[in-house]
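Structure data (compact mmCIF, C-alpha atoms) from data.txt:
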```
# COMPACT_ATOMS: atom_id res chain seq x y z
CA MET A 1 9.58 -42.54 -19.27
CA THR A 2 6.45 -40.63 -18.20
CA VAL A 3 3.36 -41.20 -20.31
CA THR A 4 1.04 -38.18 -20.49
CA ASP A 5 -2.67 -38.93 -20.55
CA PRO A 6 -4.10 -37.12 -23.61
CA ALA A 7 -7.48 -36.76 -21.90
CA ARG A 8 -5.82 -35.15 -18.90
CA ARG A 9 -3.83 -32.79 -21.10
CA LEU A 10 -7.00 -31.81 -22.95
CA THR A 11 -8.81 -31.12 -19.69
CA VAL A 12 -6.04 -28.86 -18.39
CA THR A 13 -5.87 -27.01 -21.71
CA ASP A 14 -9.63 -26.52 -21.80
CA ALA A 15 -9.60 -25.22 -18.23
CA TRP A 16 -6.83 -22.72 -19.01
CA ARG A 17 -8.28 -21.43 -22.29
CA PRO A 18 -11.09 -19.27 -20.75
CA ARG A 19 -8.63 -17.68 -18.34
CA ARG A 20 -6.15 -16.98 -21.13
CA THR A 21 -8.90 -15.37 -23.20
CA PHE A 22 -9.95 -13.25 -20.23
CA ILE A 23 -6.37 -12.11 -19.58
CA LEU A 24 -5.94 -11.12 -23.23
CA ARG A 25 -9.14 -9.06 -23.02
CA VAL A 26 -7.89 -7.32 -19.88
CA LEU A 27 -4.57 -6.52 -21.57
CA ALA A 28 -6.30 -5.18 -24.67
CA LEU A 29 -8.70 -2.99 -22.71
CA TYR A 30 -5.97 -1.69 -20.43
CA ALA A 31 -3.80 -0.88 -23.47
CA ALA A 32 -6.71 1.10 -24.94
CA CYS A 33 -7.04 3.05 -21.69
CA ARG A 34 -3.33 3.86 -21.70
CA ILE A 35 -3.50 5.03 -25.31
CA VAL A 36 -6.23 7.47 -24.32
CA THR A 37 -4.08 8.71 -21.44
CA THR A 38 -1.05 9.05 -23.69
CA VAL A 39 -3.05 11.25 -26.08
CA ILE A 40 -4.12 13.42 -23.12
CA LEU A 41 -0.53 13.71 -21.89
CA LEU A 42 0.70 14.71 -25.35
CA LEU A 43 -2.04 17.34 -25.68
CA VAL A 44 -1.34 18.86 -22.27
CA MET A 45 2.42 18.63 -22.84
CA GLN A 46 2.08 21.25 -25.59
CA ARG A 47 1.16 23.76 -22.87
CA GLN A 48 4.02 22.82 -20.52
CA ALA A 49 6.63 25.57 -20.23
CA PRO A 50 10.24 24.28 -20.22
CA THR A 51 11.60 24.18 -16.68
CA GLY A 52 14.34 22.49 -14.72
CA MET A 53 11.95 19.59 -14.11
CA THR A 54 11.56 18.99 -17.86
CA GLY A 55 15.28 19.06 -18.61
CA GLY A 56 16.07 22.77 -18.78
CA ASP A 57 14.56 26.19 -19.41
CA ASP A 58 15.84 26.25 -23.00
CA ILE A 59 15.09 22.61 -23.92
CA PRO A 60 11.76 21.79 -25.64
CA VAL A 61 9.54 19.55 -23.54
CA THR A 62 9.31 15.94 -24.70
CA TYR A 63 7.17 13.04 -23.52
CA PHE A 64 9.40 11.15 -21.07
CA PRO A 65 10.69 14.20 -19.15
CA PHE A 66 7.06 15.34 -18.95
CA THR A 67 6.20 12.06 -17.17
CA ALA A 68 8.80 12.68 -14.45
CA LEU A 69 7.64 15.96 -12.92
CA TRP A 70 7.01 16.65 -9.23
CA ASP A 71 7.80 13.58 -7.06
CA GLY A 72 9.40 12.04 -10.12
CA GLN A 73 12.27 14.44 -9.50
CA TRP A 74 12.77 12.96 -6.04
CA TYR A 75 12.68 9.43 -7.41
CA GLN A 76 15.22 10.44 -10.04
CA THR A 77 17.54 11.79 -7.36
CA ILE A 78 17.21 8.57 -5.37
CA ALA A 79 17.79 6.44 -8.47
CA THR A 80 20.95 8.31 -9.38
CA GLU A 81 22.34 9.43 -6.02
CA GLY A 82 20.68 7.34 -3.31
CA TYR A 83 19.55 8.60 0.09
CA PRO A 84 21.32 11.13 2.35
CA ASP A 85 23.11 9.84 5.45
CA HIS A 86 21.32 12.41 7.62
CA VAL A 87 18.08 14.36 7.83
CA PRO A 88 18.62 17.87 6.43
CA ARG A 89 17.44 20.45 8.94
CA GLY A 90 16.89 24.20 8.94
CA GLU A 91 18.18 26.76 11.37
CA ASP A 92 15.24 26.06 13.68
CA GLY A 93 16.12 22.36 13.80
CA GLY A 94 13.07 21.31 11.83
CA ALA A 95 13.47 18.68 9.14
CA GLN A 96 13.55 19.90 5.56
CA GLN A 97 12.00 18.08 2.65
CA ASN A 98 14.30 15.24 1.64
CA ALA A 99 14.46 11.84 -0.03
CA TRP A 100 13.64 9.81 3.09
CA ALA A 101 9.95 10.55 2.50
CA PHE A 102 10.02 8.32 -0.60
CA TYR A 103 10.09 4.53 -0.46
CA PRO A 104 12.94 2.76 -2.27
CA LEU A 105 11.53 -0.11 -4.34
CA PHE A 106 10.46 1.98 -7.33
CA PRO A 107 13.56 4.21 -7.66
CA PHE A 108 15.94 1.29 -7.12
CA ALA A 109 14.05 -0.77 -9.71
CA ALA A 110 14.43 2.19 -12.05
CA ARG A 111 18.15 2.31 -11.27
CA ALA A 112 18.50 -1.37 -12.22
CA PHE A 113 16.45 -0.81 -15.39
CA MET A 114 18.64 2.15 -16.29
CA ALA A 115 21.79 0.07 -15.81
CA VAL A 116 20.47 -2.71 -18.05
CA THR A 117 18.97 -0.57 -20.81
CA GLY A 118 21.08 2.58 -20.70
CA LEU A 119 17.93 4.70 -20.51
CA GLU A 120 17.64 7.91 -18.50
CA PHE A 121 15.40 7.92 -15.44
CA PRO A 122 12.30 9.55 -17.01
CA ALA A 123 12.04 6.82 -19.65
CA ALA A 124 12.97 4.01 -17.25
CA GLY A 125 10.57 5.16 -14.54
CA SER A 126 7.69 5.69 -16.96
CA MET A 127 8.21 2.28 -18.59
CA ILE A 128 8.35 0.47 -15.23
CA ALA A 129 5.12 2.19 -14.19
CA LEU A 130 3.47 1.23 -17.48
CA LEU A 131 4.48 -2.44 -17.24
CA CYS A 132 3.46 -2.72 -13.58
CA GLY A 133 0.10 -1.18 -14.49
CA PHE A 134 -0.53 -3.95 -17.00
CA GLY A 135 0.35 -6.51 -14.33
CA ALA A 136 -1.94 -4.86 -11.79
CA ALA A 137 -4.80 -4.83 -14.30
CA VAL A 138 -4.45 -8.56 -14.98
CA LEU A 139 -4.33 -9.52 -11.31
CA MET A 140 -7.23 -7.19 -10.53
CA GLY A 141 -9.28 -8.79 -13.28
CA LEU A 142 -8.55 -12.29 -11.96
CA LEU A 143 -9.37 -11.22 -8.40
CA LEU A 144 -12.69 -9.66 -9.38
CA ARG A 145 -13.64 -12.31 -11.94
CA GLU A 146 -13.93 -14.89 -9.16
CA ARG A 147 -16.35 -12.65 -7.28
CA ILE A 148 -18.45 -10.55 -9.65
CA GLY A 149 -18.12 -12.38 -12.96
CA GLU A 150 -16.12 -11.77 -16.10
CA ALA A 151 -18.15 -8.95 -17.64
CA ALA A 152 -18.26 -6.90 -14.45
CA ALA A 153 -14.55 -7.51 -13.79
CA LEU A 154 -13.65 -6.15 -17.22
CA VAL A 155 -15.82 -3.09 -16.64
CA VAL A 156 -14.23 -2.36 -13.27
CA VAL A 157 -10.72 -2.69 -14.70
CA VAL A 158 -11.57 -0.22 -17.47
CA LEU A 159 -13.06 2.29 -15.03
CA TRP A 160 -10.09 1.93 -12.69
CA ALA A 161 -7.66 2.40 -15.58
CA SER A 162 -9.60 5.51 -16.69
CA PHE A 163 -10.05 7.16 -13.30
CA PRO A 164 -8.98 10.85 -13.44
CA ALA A 165 -5.78 10.28 -11.44
CA SER A 166 -5.02 7.00 -13.26
CA VAL A 167 -2.70 9.07 -15.43
CA THR A 168 -0.11 8.30 -12.74
CA LEU A 169 -0.21 4.65 -13.78
CA GLN A 170 2.16 5.57 -16.61
CA LEU A 171 4.12 8.35 -14.94
CA ALA A 172 7.36 8.04 -12.98
CA TYR A 173 5.39 7.56 -9.76
CA THR A 174 4.83 4.58 -7.47
CA GLU A 175 1.10 4.12 -8.09
CA SER A 176 1.50 1.25 -10.57
CA VAL A 177 4.05 -0.64 -8.48
CA ALA A 178 1.94 -0.18 -5.36
CA MET A 179 -1.21 -1.34 -7.15
CA LEU A 180 0.55 -4.41 -8.54
CA LEU A 181 1.68 -5.43 -5.06
CA LEU A 182 -1.66 -4.53 -3.44
CA VAL A 183 -3.73 -6.61 -5.84
CA ALA A 184 -1.19 -9.45 -5.70
CA TYR A 185 -1.48 -9.43 -1.92
CA LEU A 186 -5.29 -9.45 -1.97
CA LEU A 187 -5.26 -12.27 -4.52
CA ALA A 188 -2.84 -14.30 -2.39
CA LEU A 189 -5.11 -13.85 0.64
CA ALA A 190 -8.17 -14.82 -1.38
CA ARG A 191 -6.47 -18.07 -2.39
CA GLU A 192 -5.04 -18.61 1.12
CA ARG A 193 -1.43 -18.48 -0.06
CA TRP A 194 -0.28 -17.13 3.26
CA LEU A 195 3.47 -17.33 2.73
CA VAL A 196 3.19 -15.73 -0.69
CA ALA A 197 1.20 -12.93 0.95
CA ALA A 198 3.91 -12.55 3.60
CA GLY A 199 6.60 -12.07 0.96
CA ILE A 200 4.48 -9.53 -0.92
CA ALA A 201 3.80 -7.64 2.32
CA VAL A 202 7.52 -7.06 2.83
CA LEU A 203 7.76 -5.61 -0.69
CA VAL A 204 4.76 -3.39 0.07
CA GLY A 205 6.71 -2.10 3.07
CA LEU A 206 9.36 -0.84 0.64
CA THR A 207 6.84 0.75 -1.72
CA ARG A 208 3.99 2.55 0.05
CA PRO A 209 2.85 2.98 3.68
CA ILE A 210 -0.31 0.85 3.38
CA ALA A 211 0.69 -2.14 5.55
CA VAL A 212 -1.65 -1.18 8.41
CA PRO A 213 -4.92 -1.49 6.43
CA LEU A 214 -3.54 -4.63 4.78
CA GLY A 215 -3.00 -6.04 8.28
CA VAL A 216 -6.68 -5.43 9.04
CA VAL A 217 -7.67 -7.28 5.88
CA THR A 218 -5.33 -10.12 6.84
CA LEU A 219 -6.99 -10.43 10.25
CA VAL A 220 -10.37 -10.76 8.54
CA ALA A 221 -9.00 -13.35 6.09
CA LEU A 222 -7.56 -15.41 8.96
CA TRP A 223 -10.80 -15.16 10.89
CA LEU A 224 -12.77 -16.38 7.85
CA ARG A 225 -10.36 -19.29 7.47
CA TRP A 226 -10.73 -20.16 11.17
CA ARG A 227 -14.53 -20.14 10.84
CA ALA A 228 -14.28 -22.71 8.05
CA ARG A 229 -12.12 -25.08 10.12
CA ASP A 230 -14.93 -27.63 10.59
CA ASP A 231 -15.30 -28.14 6.86
CA ARG A 232 -11.62 -27.68 6.10
CA PRO A 233 -9.43 -28.59 9.07
CA ILE A 234 -6.42 -26.36 9.63
CA GLU A 235 -3.04 -28.01 9.98
CA ARG A 236 -0.35 -26.63 12.23
CA ARG A 237 1.70 -25.60 9.21
CA GLU A 238 -1.16 -23.47 7.89
CA TYR A 239 -1.59 -21.79 11.28
CA ALA A 240 2.09 -20.82 11.14
CA ALA A 241 1.83 -19.58 7.55
CA GLY A 242 -1.24 -17.49 8.35
CA LEU A 243 0.50 -15.96 11.34
CA ALA A 244 3.49 -15.20 9.13
CA SER A 245 1.33 -13.16 6.76
CA LEU A 246 0.01 -11.10 9.66
CA VAL A 247 3.46 -10.60 11.17
CA ALA A 248 4.78 -9.59 7.76
CA CYS A 249 2.23 -6.75 7.64
CA GLY A 250 3.52 -5.55 10.99
CA VAL A 251 7.11 -5.76 9.80
CA ALA A 252 6.19 -3.92 6.60
CA GLY A 253 4.64 -1.09 8.59
CA PHE A 254 7.86 -0.40 10.48
CA LEU A 255 10.41 -1.48 7.88
CA TRP A 256 11.09 1.80 6.11
CA PRO A 257 11.08 3.98 9.25
CA ALA A 258 13.52 1.46 10.79
CA ILE A 259 15.78 1.62 7.73
CA ALA A 260 15.74 5.42 7.84
CA TRP A 261 16.63 5.29 11.53
CA GLY A 262 19.51 2.90 10.91
CA ALA A 263 20.89 4.89 7.97
CA THR A 264 20.72 8.31 9.62
CA GLY A 265 21.12 7.43 13.28
CA GLU A 266 17.93 9.39 14.05
CA ARG A 267 15.00 7.43 15.43
CA SER A 268 12.44 9.90 14.10
CA ALA A 269 14.10 10.39 10.70
CA TYR A 270 11.08 9.22 8.72
CA THR A 271 8.33 10.91 10.75
CA ASP A 272 10.29 14.17 10.96
CA THR A 273 10.78 14.07 7.21
CA MET A 274 7.09 13.44 6.59
CA GLY A 275 6.27 16.36 8.84
CA ALA A 276 8.30 18.63 6.56
CA TRP A 277 5.56 18.28 3.95
CA ARG A 278 2.83 19.27 6.41
CA GLY A 279 1.71 22.81 7.02
CA SER A 280 2.06 22.32 10.78
CA GLY A 281 5.47 20.63 10.47
CA VAL A 282 4.25 17.49 12.24
CA VAL A 283 2.04 14.52 11.41
CA GLU A 284 -1.36 15.10 13.06
CA PRO A 285 -3.88 12.22 13.00
CA PHE A 286 -7.33 13.22 11.69
CA GLY A 287 -6.99 16.93 12.57
CA PRO A 288 -6.08 18.40 9.15
CA TRP A 289 -9.28 17.06 7.57
CA LEU A 290 -11.49 19.49 9.47
CA GLY A 291 -9.44 22.49 8.41
CA MET A 292 -9.28 21.36 4.78
CA SER A 293 -13.01 20.60 4.63
CA LYS A 294 -13.76 24.13 5.83
CA TYR A 295 -11.28 25.56 3.33
CA VAL A 296 -12.88 23.74 0.40
CA PHE A 297 -16.58 23.71 1.33
CA GLY A 298 -16.88 26.56 3.81
CA GLU A 299 -17.33 26.83 7.56
CA THR A 300 -20.86 25.43 7.50
CA TRP A 301 -20.76 22.74 4.83
CA GLY A 302 -17.21 21.58 5.43
CA PRO A 303 -17.94 19.60 8.63
CA VAL A 304 -21.13 18.27 7.03
CA TRP A 305 -19.25 16.77 4.10
CA LEU A 306 -16.67 15.42 6.51
CA VAL A 307 -19.44 13.28 8.01
CA VAL A 308 -21.36 12.52 4.83
CA VAL A 309 -18.45 11.10 2.81
CA PRO A 310 -17.46 8.40 5.36
CA LEU A 311 -21.11 7.46 5.77
CA VAL A 312 -21.51 7.07 2.01
CA ILE A 313 -18.43 4.83 1.86
CA LEU A 314 -19.77 2.72 4.71
CA ALA A 315 -23.16 2.45 3.03
CA MET A 316 -21.54 1.36 -0.23
CA VAL A 317 -19.52 -1.35 1.52
CA VAL A 318 -21.92 -2.63 4.18
CA GLY A 319 -25.04 -2.93 2.04
CA PRO A 320 -26.12 -6.08 0.17
CA TRP A 321 -25.06 -4.42 -3.10
CA ALA A 322 -21.42 -5.09 -2.09
CA ARG A 323 -21.82 -8.62 -0.71
CA GLY A 324 -20.51 -10.23 -3.89
CA LEU A 325 -17.12 -8.61 -3.36
CA GLY A 326 -16.47 -10.75 -0.30
CA MET A 327 -15.41 -9.71 3.18
CA GLN A 328 -11.78 -9.10 2.31
CA LEU A 329 -12.39 -6.52 -0.41
CA ARG A 330 -15.14 -4.91 1.64
CA THR A 331 -12.79 -4.66 4.60
CA TRP A 332 -10.09 -3.08 2.42
CA SER A 333 -12.63 -0.54 1.15
CA VAL A 334 -13.21 0.63 4.73
CA ALA A 335 -9.79 0.10 6.32
CA TYR A 336 -7.85 1.96 3.64
CA PRO A 337 -9.86 5.23 3.72
CA ALA A 338 -9.92 5.06 7.53
CA TYR A 339 -6.11 4.81 7.44
CA LEU A 340 -5.92 7.78 5.06
CA ALA A 341 -8.07 9.79 7.44
CA ALA A 342 -5.66 9.00 10.26
CA VAL A 343 -2.36 9.78 8.53
CA LEU A 344 -2.99 11.94 5.47
CA ASP A 345 -2.76 15.69 5.33
CA PRO A 346 -5.49 16.10 2.69
CA PHE A 347 -4.62 18.19 -0.32
CA THR A 348 -4.47 17.75 -4.08
CA SER A 349 -2.75 14.36 -3.72
CA ILE A 350 -6.01 12.90 -2.40
CA PHE A 351 -7.05 12.08 -5.97
CA ARG A 352 -4.03 9.78 -6.38
CA TYR A 353 -4.76 8.10 -3.08
CA LEU A 354 -8.24 7.13 -4.27
CA ILE A 355 -6.81 4.80 -6.94
CA PRO A 356 -6.51 1.76 -4.58
CA MET A 357 -10.24 1.96 -3.76
CA PHE A 358 -11.10 0.02 -6.92
CA PRO A 359 -13.68 -2.33 -5.27
CA LEU A 360 -16.09 0.59 -4.90
CA LEU A 361 -16.27 0.85 -8.69
CA ALA A 362 -18.03 -2.52 -8.73
CA VAL A 363 -20.66 -1.14 -6.37
CA MET A 364 -21.05 2.02 -8.47
CA VAL A 365 -21.97 0.00 -11.56
CA GLY A 366 -24.26 -2.37 -9.64
CA ALA A 367 -21.97 -5.40 -9.97
CA GLY A 368 -21.45 -6.16 -6.30
CA TRP A 369 -24.63 -8.12 -5.63
CA GLU A 370 -23.99 -11.64 -4.41
CA ASP A 371 -26.38 -13.14 -6.97
CA ARG A 372 -24.79 -10.99 -9.72
CA ARG A 373 -28.09 -9.35 -10.55
CA GLY A 374 -27.89 -6.63 -13.15
CA THR A 375 -24.49 -7.69 -14.50
CA THR A 376 -25.55 -8.35 -18.08
CA TRP A 377 -23.60 -6.40 -20.67
CA PRO A 378 -26.43 -3.99 -21.61
CA ARG A 379 -27.07 -3.00 -17.99
CA LEU A 380 -23.37 -2.71 -17.22
CA LEU A 381 -22.75 -0.50 -20.24
CA VAL A 382 -25.65 1.81 -19.40
CA ARG A 383 -24.12 2.42 -15.99
CA THR A 384 -20.50 2.39 -17.11
CA VAL A 385 -20.40 4.62 -20.19
CA PRO A 386 -21.42 7.87 -18.40
CA LEU A 387 -18.83 7.20 -15.69
CA LEU A 388 -16.20 6.41 -18.29
CA VAL A 389 -16.83 9.67 -20.11
CA LEU A 390 -16.63 11.64 -16.86
CA PHE A 391 -13.43 9.86 -15.89
CA ILE A 392 -11.71 10.56 -19.22
CA VAL A 393 -12.70 14.22 -19.08
CA GLY A 394 -11.42 14.21 -15.49
CA GLN A 395 -8.09 12.82 -16.71
CA TYR A 396 -7.61 15.83 -18.93
CA TYR A 397 -8.36 18.29 -16.17
CA TRP A 398 -6.22 16.39 -13.64
CA THR A 399 -3.31 16.41 -16.09
CA ASP A 400 -3.73 20.04 -17.09
CA ILE A 401 -4.48 21.53 -13.68
CA LEU A 402 -2.41 19.36 -11.34
CA TRP A 403 0.26 17.56 -13.35
CA ARG A 404 1.32 20.40 -15.68
CA TYR A 405 3.73 22.60 -13.80
CA VAL A 406 3.08 26.33 -14.03
CA PRO A 407 6.15 28.32 -12.90
CA SER A 408 5.14 31.18 -10.64
CA PRO A 409 6.64 33.13 -7.71
CA THR A 410 4.19 31.47 -5.31
CA GLY A 411 4.67 27.95 -6.69
CA ASP A 412 2.11 25.55 -8.07
CA TYR A 413 -0.16 22.92 -6.56
CA PRO A 414 1.40 19.42 -6.74
CA PRO A 415 -0.58 16.40 -7.98
```
Kindly transcribe the structure held in the file into structure tokens.
Amino acid sequence: MTVTDPARRLTVTDAWRPRRTFILRVLALYAACRIVTTVILLLVMQRQAPTGMTGGDDIPVTYFPFTALWDGQWYQTIATEGYPDHVPRGEDGGAQQNAWAFYPLFPFAARAFMAVTGLEFPAAGSMIALLCGFGAAVLMGLLLRERIGEAAALVVVVLWASFPASVTLQLAYTESVAMLLLVAYLLALARERWLVAAGIAVLVGLTRPIAVPLGVVTLVALWLRWRARDDRPIERREYAAGLASLVACGVAGFLWPAIAWGATGERSAYTDTMGAWRGSGVVEPFGPWLGMSKYVFGETWGPVWLVVVPLVILAMVVGPWARGLGMQLRTWSVAYPAYLAAVLDPFTSIFRYLIPMFPLLAVMVGAGWEDRRGTTWPRLLVRTVPLLVLFIVGQYYWTDILWRYVPSPTGDYPP
């Protein structure tokens, strides 16, 4: 019979209690943010005209179908019908828009949830996104709490959960699932759980194409561990585990294109499909940003902003005001936008793609200093409340302008 030391049990309980309290605060704050978003969705939903995407032209729009517009329709098709065995092509041989552009983890999880609960896809997809968002918020809070303190971590989670495009965290989209896996991966790296990180990386490869910047972060994490080898010697087993996490990022980067190739018999099935969403019909690294910057800001100011924005991001990450975040989060904050610049055809979806850049929120509220200067509640609130108000107002406009579908002969801008 094992005898438990009461003093030991008390010590473990006391050590867990602050973390439990912190997690409960994160959950409560995140729930409040989602309630605000739900109110916004319900308000905007009143202006949504019934369409095929909402269930039919003659059917009144209700909440769950409203959460499954746009790409949600593709995920619904995948959840109910799967992927095609070929790449649909037009008369000119060019790939047409098809399901191979969308990664499988979210729609297949929705399919399983539908089978268990009997729910239709809009409800199942929205609920999965909502639950994964709660998980992402908790892991994000734990990740940041170790670096910038509890108060600042709570503030960053609230701002992230209130960001204008954070509405997608409870829509039938992949943002919540991707954020859950992203933060779980970063937390595993921070705690040097290399094999755990490797397993998460493979799941990332079935969710969103972000394995390349995660590989860069992994290289930095391994380098930091190697630098500390004098104080903490590295065993052969840890070398192998660290290498596994890096290899897993490489595998994740090619996993979905390889699956598309195997299922269709076409080596370029994935890239051809992605090109179908581009104005040029092909994926062009970096090039589209110049044209879009000129379109939005004009011939003169467009190129200027194209230089200024990357420099601002670099300044936010490189300066001492971000040192408290640690090298891994700082690396992610540079590697991820650099990756977007290389592969993204910038359009209205850029707002959604900013959601993973949560570490910059800590810098914006002055919580990234290594000595945690300025992170008292009064100072944090003074900096946070104006941003929070702007973000919530931005949620309404994002939902009304981008998410709400306006039927027209020329189409509508997607979110």
* Residue contacts of Pro50 in chain A (7 Å, only C-alpha atoms) excluding same-chain residues fewer than 5 positions away, as a ChimeraX atom specification -> /A:56-61
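Those residues that approach range 142-148 of chain A to within 6 Å, counting all atoms listed in the file, are Leu139, Ala153, Leu187, Gly324 and Leu325 of chain A; same-chain residues fewer than 3 positions away are not listed.
Between CA of Thr168 in chain A and CA of Leu131 in chain A lies a distance of 12.5 Å.
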* **Contact residues around Ala188 in chain A with all atoms listed in the file at 12 Å, ignoring same-chain residues under 3 positions, as a ChimeraX atom specification** => /A:139-140,142-143,181-185,191-201,217-218,221,242,245,328
* Structure fact -> Atom pair CA of Ala101 in chain A + CA of Met274 in chain A, distance 5.8 Å
* **Near-range 106-121 of chain A list (8 Å; all atoms listed in the file; drop same-chain fewer than 2 positions) as a PyMOL selection string** => chain A and resi 75-76+78-80+103-104+123-125+128+173-174+177+207
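Take the candidates A:Trp256, A:Phe134, A:Trp369, A:Trp223 and check each one against Trp100 in chain A using only C-alpha atoms; the shortest distance goes to A:Trp256.
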Could you list, with a cut-off of 10 Å and counting only C-alpha atoms, the residues of range 89-193 of chain A near range 335-358 of chain A, each shown with its nearest atom pair and the distance in Å rounded to one decimal, rows sorted by chain and ascending number, as JSON lines?
```
{"residue": "A:Met140", "atom": "CA", "partner": "A:Phe358", "partner_atom": "CA", "distance": 8.9}
{"residue": "A:Val156", "atom": "CA", "partner": "A:Phe358", "partner_atom": "CA", "distance": 7.5}
{"residue": "A:Val157", "atom": "CA", "partner": "A:Phe358", "partner_atom": "CA", "distance": 8.2}
{"residue": "A:Leu159", "atom": "CA", "partner": "A:Phe358", "partner_atom": "CA", "distance": 8.6}
{"residue": "A:Trp160", "atom": "CA", "partner": "A:Phe358", "partner_atom": "CA", "distance": 6.2}
{"residue": "A:Ala161", "atom": "CA", "partner": "A:Ile355", "partner_atom": "CA", "distance": 9.0}
{"residue": "A:Phe163", "atom": "CA", "partner": "A:Ile355", "partner_atom": "CA", "distance": 7.5}
{"residue": "A:Pro164", "atom": "CA", "partner": "A:Phe351", "partner_atom": "CA", "distance": 7.8}
{"residue": "A:Ala165", "atom": "CA", "partner": "A:Arg352", "partner_atom": "CA", "distance": 5.4}
{"residue": "A:Ser166", "atom": "CA", "partner": "A:Ile355", "partner_atom": "CA", "distance": 6.9}
{"residue": "A:Val167", "atom": "CA", "partner": "A:Arg352", "partner_atom": "CA", "distance": 9.2}
{"residue": "A:Thr168", "atom": "CA", "partner": "A:Arg352", "partner_atom": "CA", "distance": 7.6}
{"residue": "A:Leu169", "atom": "CA", "partner": "A:Ile355", "partner_atom": "CA", "distance": 9.5}
{"residue": "A:Glu175", "atom": "CA", "partner": "A:Arg352", "partner_atom": "CA", "distance": 7.8}
{"residue": "A:Ser176", "atom": "CA", "partner": "A:Ile355", "partner_atom": "CA", "distance": 9.7}
{"residue": "A:Ala178", "atom": "CA", "partner": "A:Pro356", "partner_atom": "CA", "distance": 8.7}
{"residue": "A:Met179", "atom": "CA", "partner": "A:Pro356", "partner_atom": "CA", "distance": 6.7}
{"residue": "A:Leu182", "atom": "CA", "partner": "A:Pro356", "partner_atom": "CA", "distance": 8.0}
{"residue": "A:Val183", "atom": "CA", "partner": "A:Pro356", "partner_atom": "CA", "distance": 8.9}
```
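If all atoms listed in the file are the atoms counted, then among A:Leu43, A:Val138, A:Cys249, A:Val87 the closest residue to Arg19 in chain A is A:Val138.
Proximity to Ile259 in chain A at 12 Å, evaluated using all atoms listed in the file and with sequence-adjacent residues fewer than 5 positions away removed, yields Tyr83, Asp85, Trp100, Ala101, Tyr103, Pro104, Gly205, Leu206, Val251, Ala252, Gly253, Phe254, Thr264, Gly265, Glu266, Arg267, Ser268, Ala269 and Tyr270 of chain A.
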* Straight-line distance linking CA of Ala367 in chain A with CA of Pro320 in chain A, stated in Å to one decimal -> 11.0 Å
* Would you be able to write out as a PyMOL selection string which residues have an atom within 10 Å of (-0.7, 9.9, -21.7) in the file's coordinates, counting all atoms listed in the file? => chain A and resi 33-45+63+66-67+166-171+395-396+399
* Rank A:Ala228, A:Val282, A:Leu203, A:Leu69 by their smallest atom-to-atom distance to Ala248 in chain A, using only C-alpha atoms, and report the top residue only. => A:Leu203
* Nearest to Phe64 in chain A, chosen from A:Ala172, A:Val382, A:Met292, A:Val216, with only C-alpha atoms counted in the distances -> A:Ala172
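Of the listed residues (A:Val158, A:Leu222, A:Leu130, A:Leu105), A:Val158 comes nearest to Ile392 in chain A; the distances count all atoms listed in the file.
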* To do: Could you check which of A:Val247, A:Asn98, A:Ala258, A:Gln48 is closest to Ile401 in chain A, using all atoms listed in the file?
  => A:Gln48
Range 270-279 of chain A written out with N, CA and C atoms as a JSON list (two decimals), in the first residue's frame:
```json
[["chain", "number", "residue", "atom", "x", "y", "z"],
["A", 270, "TYR", "N", -2.35, 20.37, -55.80],
["A", 270, "TYR", "CA", -2.58, 21.40, -54.77],
["A", 270, "TYR", "C", -2.20, 22.79, -55.27],
["A", 271, "THR", "N", -1.03, 22.94, -55.86],
["A", 271, "THR", "CA", -0.59, 24.26, -56.31],
["A", 271, "THR", "C", -1.46, 24.77, -57.46],
["A", 272, "ASP", "N", -1.86, 23.87, -58.36],
["A", 272, "ASP", "CA", -2.77, 24.29, -59.43],
["A", 272, "ASP", "C", -4.10, 24.76, -58.86],
["A", 273, "THR", "N", -4.59, 24.05, -57.87],
["A", 273, "THR", "CA", -5.85, 24.43, -57.24],
["A", 273, "THR", "C", -5.72, 25.78, -56.56],
["A", 274, "MET", "N", -4.63, 25.99, -55.83],
["A", 274, "MET", "CA", -4.44, 27.28, -55.17],
["A", 274, "MET", "C", -4.36, 28.41, -56.19],
["A", 275, "GLY", "N", -3.76, 28.14, -57.34],
["A", 275, "GLY", "CA", -3.68, 29.14, -58.38],
["A", 275, "GLY", "C", -5.03, 29.56, -58.91],
["A", 276, "ALA", "N", -6.03, 28.67, -58.79],
["A", 276, "ALA", "CA", -7.36, 28.99, -59.29],
["A", 276, "ALA", "C", -8.00, 30.14, -58.53],
["A", 277, "TRP", "N", -7.51, 30.41, -57.33],
["A", 277, "TRP", "CA", -8.04, 31.52, -56.54],
["A", 277, "TRP", "C", -7.26, 32.82, -56.78],
["A", 278, "ARG", "N", -6.22, 32.76, -57.58],
["A", 278, "ARG", "CA", -5.40, 33.94, -57.84],
["A", 278, "ARG", "C", -5.83, 34.60, -59.13],
["A", 279, "GLY", "N", -5.71, 35.91, -59.17],
["A", 279, "GLY", "CA", -6.06, 36.63, -60.37],
["A", 279, "GLY", "C", -5.23, 36.21, -61.58]]
```
